[in-house]
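Undergrad: A single structure is presented below for examination.
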Amino acid sequence: YGVEKIATVGDSYCGAVFSSPDLSKSERCGNAMQFSCITLGVVVPLRLRVGVHIGDIVGVFVGCAPPKFDVFGEGIDVARSLEETSQAGWVHFSKAVANE
């Protein structure tokens, strides 16, 4: 599905679908949604909450022994807020996703 794992913190999983010349925004968004729905179906006992948003992010390497890749930005902040306000077992997506 092209979803790259960025981090897991506690019960939170952060993944991103990065730009690709082969896929449009809506195709990448669809891949993220499919990944979320399949993950929800596989691990139903965990009752996951999912937040999906299309937005700008910045990727950086933090530290040097060993370096850790992380992402920051409005896109991450909105997706995290959506996840936090979602009901367990649901995918909560932004208007930007709905408009794609």
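Identifiers in the structure tokens: chain A, B, ... in order shown; residue index from 1 per chain; ligand index from 1 in order shown.
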I'd like the contact shell of segment 85-89 of chain A - 6 Å cut-off, only C-alpha atoms, skipping same-chain residues fewer than 4 positions apart - returned as a list in words.
TA: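 That gives Arg47, Leu48 and Arg49 of chain A.
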Undergrad: Write out as a list in words all residues of segment 67-100 of chain A that backbone DSSP assigns to strand (DSSP E).
TA: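 Residues meeting the strand (DSSP E) criterion: Lys68, Phe69, Asp70, Val71, Phe72, Trp90, Val91, His92 and Phe93 of chain A.
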Undergrad: Residues at most 9 Å from Ser94 of chain A, counting only C-alpha atoms, excluding those fewer than 6 positions away in the same chain, as a PyMOL selection string?
TA: chain A and resi 51-54+78-79+82
Undergrad: What lies within 12 Å of Lys25 of chain A using only C-alpha atoms, ignoring chain neighbours under 5 positions off, as a ChimeraX atom specification?
TA: /A:17-20,30-32,53-55,96-100
Undergrad: Store the residues picked out above in a file with N, CA, C and O atoms, as an mmCIF file, in the first residue's frame.
TA:
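Full text of result_1.cif as output:
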```
data_model
loop_
_atom_site.group_PDB
_atom_site.id
_atom_site.type_symbol
_atom_site.label_atom_id
_atom_site.label_comp_id
_atom_site.auth_asym_id
_atom_site.auth_seq_id
_atom_site.Cartn_x
_atom_site.Cartn_y
_atom_site.Cartn_z
ATOM 1 N N VAL A 17 2.305 8.153 3.455
ATOM 2 C CA VAL A 17 2.419 7.780 2.050
ATOM 3 C C VAL A 17 3.034 8.989 1.362
ATOM 4 O O VAL A 17 2.422 10.045 1.283
ATOM 5 N N PHE A 18 4.275 8.840 0.917
ATOM 6 C CA PHE A 18 5.005 9.965 0.348
ATOM 7 C C PHE A 18 4.680 10.161 -1.130
ATOM 8 O O PHE A 18 4.129 9.272 -1.784
ATOM 9 N N SER A 19 5.021 11.331 -1.644
ATOM 10 C CA SER A 19 4.788 11.660 -3.054
ATOM 11 C C SER A 19 5.417 10.618 -3.960
ATOM 12 O O SER A 19 6.474 10.080 -3.663
ATOM 13 N N SER A 20 4.735 10.377 -5.052
ATOM 14 C CA SER A 20 5.221 9.403 -6.027
ATOM 15 C C SER A 20 4.783 9.859 -7.418
ATOM 16 O O SER A 20 3.625 10.224 -7.603
ATOM 17 N N GLY A 30 -6.166 6.818 -1.154
ATOM 18 C CA GLY A 30 -6.900 5.546 -1.203
ATOM 19 C C GLY A 30 -6.074 4.405 -0.645
ATOM 20 O O GLY A 30 -6.592 3.549 0.075
ATOM 21 N N ASN A 31 -4.776 4.381 -0.967
ATOM 22 C CA ASN A 31 -3.892 3.348 -0.420
ATOM 23 C C ASN A 31 -3.827 3.426 1.103
ATOM 24 O O ASN A 31 -3.877 2.404 1.793
ATOM 25 N N ALA A 32 -3.717 4.648 1.644
ATOM 26 C CA ALA A 32 -3.673 4.823 3.097
ATOM 27 C C ALA A 32 -4.983 4.352 3.732
ATOM 28 O O ALA A 32 -4.978 3.694 4.778
ATOM 29 N N HIS A 53 -5.105 12.317 6.938
ATOM 30 C CA HIS A 53 -5.127 13.691 6.433
ATOM 31 C C HIS A 53 -4.136 13.824 5.285
ATOM 32 O O HIS A 53 -3.124 13.126 5.253
ATOM 33 N N ILE A 54 -4.418 14.706 4.348
ATOM 34 C CA ILE A 54 -3.493 15.056 3.276
ATOM 35 C C ILE A 54 -2.929 16.422 3.617
ATOM 36 O O ILE A 54 -3.685 17.375 3.804
ATOM 37 N N GLY A 55 -1.612 16.512 3.744
ATOM 38 C CA GLY A 55 -1.015 17.797 4.070
ATOM 39 C C GLY A 55 0.493 17.744 3.987
ATOM 40 O O GLY A 55 1.089 16.688 3.792
ATOM 41 N N ALA A 96 -9.882 17.534 3.694
ATOM 42 C CA ALA A 96 -8.928 17.449 2.580
ATOM 43 C C ALA A 96 -8.961 16.067 1.950
ATOM 44 O O ALA A 96 -8.881 15.932 0.732
ATOM 45 N N VAL A 97 -9.118 15.039 2.752
ATOM 46 C CA VAL A 97 -9.202 13.664 2.237
ATOM 47 C C VAL A 97 -10.531 13.475 1.517
ATOM 48 O O VAL A 97 -10.586 12.919 0.421
ATOM 49 N N ALA A 98 -11.621 13.948 2.117
ATOM 50 C CA ALA A 98 -12.938 13.816 1.502
ATOM 51 C C ALA A 98 -13.007 14.511 0.150
ATOM 52 O O ALA A 98 -13.658 14.043 -0.771
ATOM 53 N N ASN A 99 -12.295 15.641 0.023
ATOM 54 C CA ASN A 99 -12.320 16.397 -1.231
ATOM 55 C C ASN A 99 -11.479 15.766 -2.328
ATOM 56 O O ASN A 99 -11.599 16.141 -3.483
ATOM 57 N N GLU A 100 -10.578 14.851 -1.973
ATOM 58 C CA GLU A 100 -9.769 14.173 -2.981
ATOM 59 C C GLU A 100 -10.596 13.134 -3.650
ATOM 60 O O GLU A 100 -10.426 12.625 -4.642
#
```
Undergrad: With distances taken over only C-alpha atoms, which of A:Ser26, A:Asp56, A:Phe93, A:Tyr1 is nearest to Ile38 of chain A?
TA: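 Nearest to Ile38 of chain A: A:Tyr1.
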Undergrad: Which residues, written as number ranges by chain, have at least one atom at most 12 Å from segment 58-73 of chain A, with only C-alpha atoms counted and residues fewer than 6 positions away on the same chain left out?
TA: A: 4-8, 14-18, 79-80
Undergrad: Kindly save the residues from that selection, with all heavy atoms included, as a PDB file, in the first residue's frame.
TA:
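The result, stored in selection.pdb:
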```pdb
ATOM      1  N   GLU A   4       4.580   3.984   4.754  1.00  0.00           N
ATOM      2  CA  GLU A   4       5.864   3.850   5.438  1.00  0.00           C
ATOM      3  C   GLU A   4       5.671   4.105   6.927  1.00  0.00           C
ATOM      4  O   GLU A   4       5.107   5.128   7.314  1.00  0.00           O
ATOM      5  CB  GLU A   4       6.876   4.863   4.893  1.00  0.00           C
ATOM      6  CG  GLU A   4       7.198   4.689   3.433  1.00  0.00           C
ATOM      7  CD  GLU A   4       8.020   3.436   3.156  1.00  0.00           C
ATOM      8  OE1 GLU A   4       8.767   2.998   4.050  1.00  0.00           O
ATOM      9  OE2 GLU A   4       7.900   2.913   2.040  1.00  0.00           O
ATOM     10  N   LYS A   5       6.132   3.166   7.741  1.00  0.00           N
ATOM     11  CA  LYS A   5       6.050   3.361   9.196  1.00  0.00           C
ATOM     12  C   LYS A   5       7.042   4.445   9.598  1.00  0.00           C
ATOM     13  O   LYS A   5       8.217   4.388   9.247  1.00  0.00           O
ATOM     14  CB  LYS A   5       6.382   2.065   9.923  1.00  0.00           C
ATOM     15  CG  LYS A   5       6.398   2.225  11.416  1.00  0.00           C
ATOM     16  CD  LYS A   5       6.860   0.948  12.098  1.00  0.00           C
ATOM     17  CE  LYS A   5       7.198   1.260  13.535  1.00  0.00           C
ATOM     18  NZ  LYS A   5       8.071   0.277  14.125  1.00  0.00           N
ATOM     19  N   ILE A   6       6.570   5.428  10.318  1.00  0.00           N
ATOM     20  CA  ILE A   6       7.425   6.499  10.817  1.00  0.00           C
ATOM     21  C   ILE A   6       7.772   6.239  12.269  1.00  0.00           C
ATOM     22  O   ILE A   6       8.931   6.286  12.663  1.00  0.00           O
ATOM     23  CB  ILE A   6       6.740   7.879  10.683  1.00  0.00           C
ATOM     24  CG1 ILE A   6       6.332   8.149   9.233  1.00  0.00           C
ATOM     25  CG2 ILE A   6       7.637   8.979  11.219  1.00  0.00           C
ATOM     26  CD1 ILE A   6       7.465   8.164   8.235  1.00  0.00           C
ATOM     27  N   ALA A   7       6.772   5.958  13.092  1.00  0.00           N
ATOM     28  CA  ALA A   7       7.032   5.749  14.519  1.00  0.00           C
ATOM     29  C   ALA A   7       5.848   5.046  15.169  1.00  0.00           C
ATOM     30  O   ALA A   7       4.727   5.089  14.675  1.00  0.00           O
ATOM     31  CB  ALA A   7       7.259   7.089  15.203  1.00  0.00           C
ATOM     32  N   THR A   8       6.118   4.382  16.266  1.00  0.00           N
ATOM     33  CA  THR A   8       5.079   3.909  17.166  1.00  0.00           C
ATOM     34  C   THR A   8       5.394   4.487  18.534  1.00  0.00           C
ATOM     35  O   THR A   8       6.530   4.416  19.000  1.00  0.00           O
ATOM     36  CB  THR A   8       5.020   2.370  17.244  1.00  0.00           C
ATOM     37  OG1 THR A   8       6.310   1.878  17.582  1.00  0.00           O
ATOM     38  CG2 THR A   8       4.574   1.764  15.932  1.00  0.00           C
ATOM     39  N   CYS A  14       2.327   5.810  13.562  1.00  0.00           N
ATOM     40  CA  CYS A  14       2.372   6.912  12.611  1.00  0.00           C
ATOM     41  C   CYS A  14       2.951   6.397  11.299  1.00  0.00           C
ATOM     42  O   CYS A  14       4.071   5.884  11.269  1.00  0.00           O
ATOM     43  CB  CYS A  14       3.232   8.051  13.158  1.00  0.00           C
ATOM     44  SG  CYS A  14       3.367   9.449  12.017  1.00  0.00           S
ATOM     45  N   GLY A  15       2.190   6.519  10.236  1.00  0.00           N
ATOM     46  CA  GLY A  15       2.647   6.111   8.917  1.00  0.00           C
ATOM     47  C   GLY A  15       2.385   7.226   7.917  1.00  0.00           C
ATOM     48  O   GLY A  15       1.552   8.100   8.154  1.00  0.00           O
ATOM     49  N   ALA A  16       3.108   7.200   6.811  1.00  0.00           N
ATOM     50  CA  ALA A  16       2.934   8.220   5.783  1.00  0.00           C
ATOM     51  C   ALA A  16       3.036   7.591   4.410  1.00  0.00           C
ATOM     52  O   ALA A  16       3.756   6.611   4.221  1.00  0.00           O
ATOM     53  CB  ALA A  16       3.990   9.315   5.930  1.00  0.00           C
ATOM     54  N   VAL A  17       2.305   8.153   3.455  1.00  0.00           N
ATOM     55  CA  VAL A  17       2.419   7.780   2.050  1.00  0.00           C
ATOM     56  C   VAL A  17       3.034   8.989   1.362  1.00  0.00           C
ATOM     57  O   VAL A  17       2.422  10.045   1.283  1.00  0.00           O
ATOM     58  CB  VAL A  17       1.053   7.436   1.427  1.00  0.00           C
ATOM     59  CG1 VAL A  17       1.222   7.050  -0.031  1.00  0.00           C
ATOM     60  CG2 VAL A  17       0.377   6.319   2.206  1.00  0.00           C
ATOM     61  N   PHE A  18       4.275   8.840   0.917  1.00  0.00           N
ATOM     62  CA  PHE A  18       5.005   9.965   0.348  1.00  0.00           C
ATOM     63  C   PHE A  18       4.680  10.161  -1.130  1.00  0.00           C
ATOM     64  O   PHE A  18       4.129   9.272  -1.784  1.00  0.00           O
ATOM     65  CB  PHE A  18       6.515   9.752   0.536  1.00  0.00           C
ATOM     66  CG  PHE A  18       6.931   9.775   1.975  1.00  0.00           C
ATOM     67  CD1 PHE A  18       7.152   8.600   2.670  1.00  0.00           C
ATOM     68  CD2 PHE A  18       7.066  10.981   2.642  1.00  0.00           C
ATOM     69  CE1 PHE A  18       7.525   8.623   4.003  1.00  0.00           C
ATOM     70  CE2 PHE A  18       7.438  11.019   3.979  1.00  0.00           C
ATOM     71  CZ  PHE A  18       7.665   9.831   4.658  1.00  0.00           C
ATOM     72  N   ALA A  79      -3.550  14.867  11.383  1.00  0.00           N
ATOM     73  CA  ALA A  79      -3.806  13.424  11.433  1.00  0.00           C
ATOM     74  C   ALA A  79      -3.816  12.918  12.873  1.00  0.00           C
ATOM     75  O   ALA A  79      -4.662  12.109  13.262  1.00  0.00           O
ATOM     76  CB  ALA A  79      -2.772  12.668  10.606  1.00  0.00           C
ATOM     77  N   ARG A  80      -2.897  13.402  13.687  1.00  0.00           N
ATOM     78  CA  ARG A  80      -2.832  12.995  15.098  1.00  0.00           C
ATOM     79  C   ARG A  80      -4.091  13.457  15.844  1.00  0.00           C
ATOM     80  O   ARG A  80      -4.651  12.705  16.646  1.00  0.00           O
ATOM     81  CB  ARG A  80      -1.576  13.560  15.753  1.00  0.00           C
ATOM     82  CG  ARG A  80      -1.344  13.024  17.149  1.00  0.00           C
ATOM     83  CD  ARG A  80       0.044  13.355  17.661  1.00  0.00           C
ATOM     84  NE  ARG A  80       1.003  12.513  16.956  1.00  0.00           N
ATOM     85  CZ  ARG A  80       2.178  12.933  16.500  1.00  0.00           C
ATOM     86  NH1 ARG A  80       2.559  14.174  16.666  1.00  0.00           N
ATOM     87  NH2 ARG A  80       2.982  12.103  15.876  1.00  0.00           N
TER      88      ARG A  80
END
```
Undergrad: Between atom CA of Asp77 of chain A and atom CA of Val50 of chain A, what distance in Å does the model show, to one decimal?
TA: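 Separation between atom CA of Asp77 of chain A and atom CA of Val50 of chain A: 13.3 Å.
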Undergrad: When you draw a straight line from atom CA of Ile57 of chain A to atom CA of Val91 of chain A, how long is it in Å?
TA: 20.5 Å
Undergrad: Counting only C-alpha atoms, which of A:Thr39, A:Glu74, A:His92, A:Gly2 gets nearest to Asp22 of chain A?
TA: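 Closest residue, counting only C-alpha atoms: A:Gly2.
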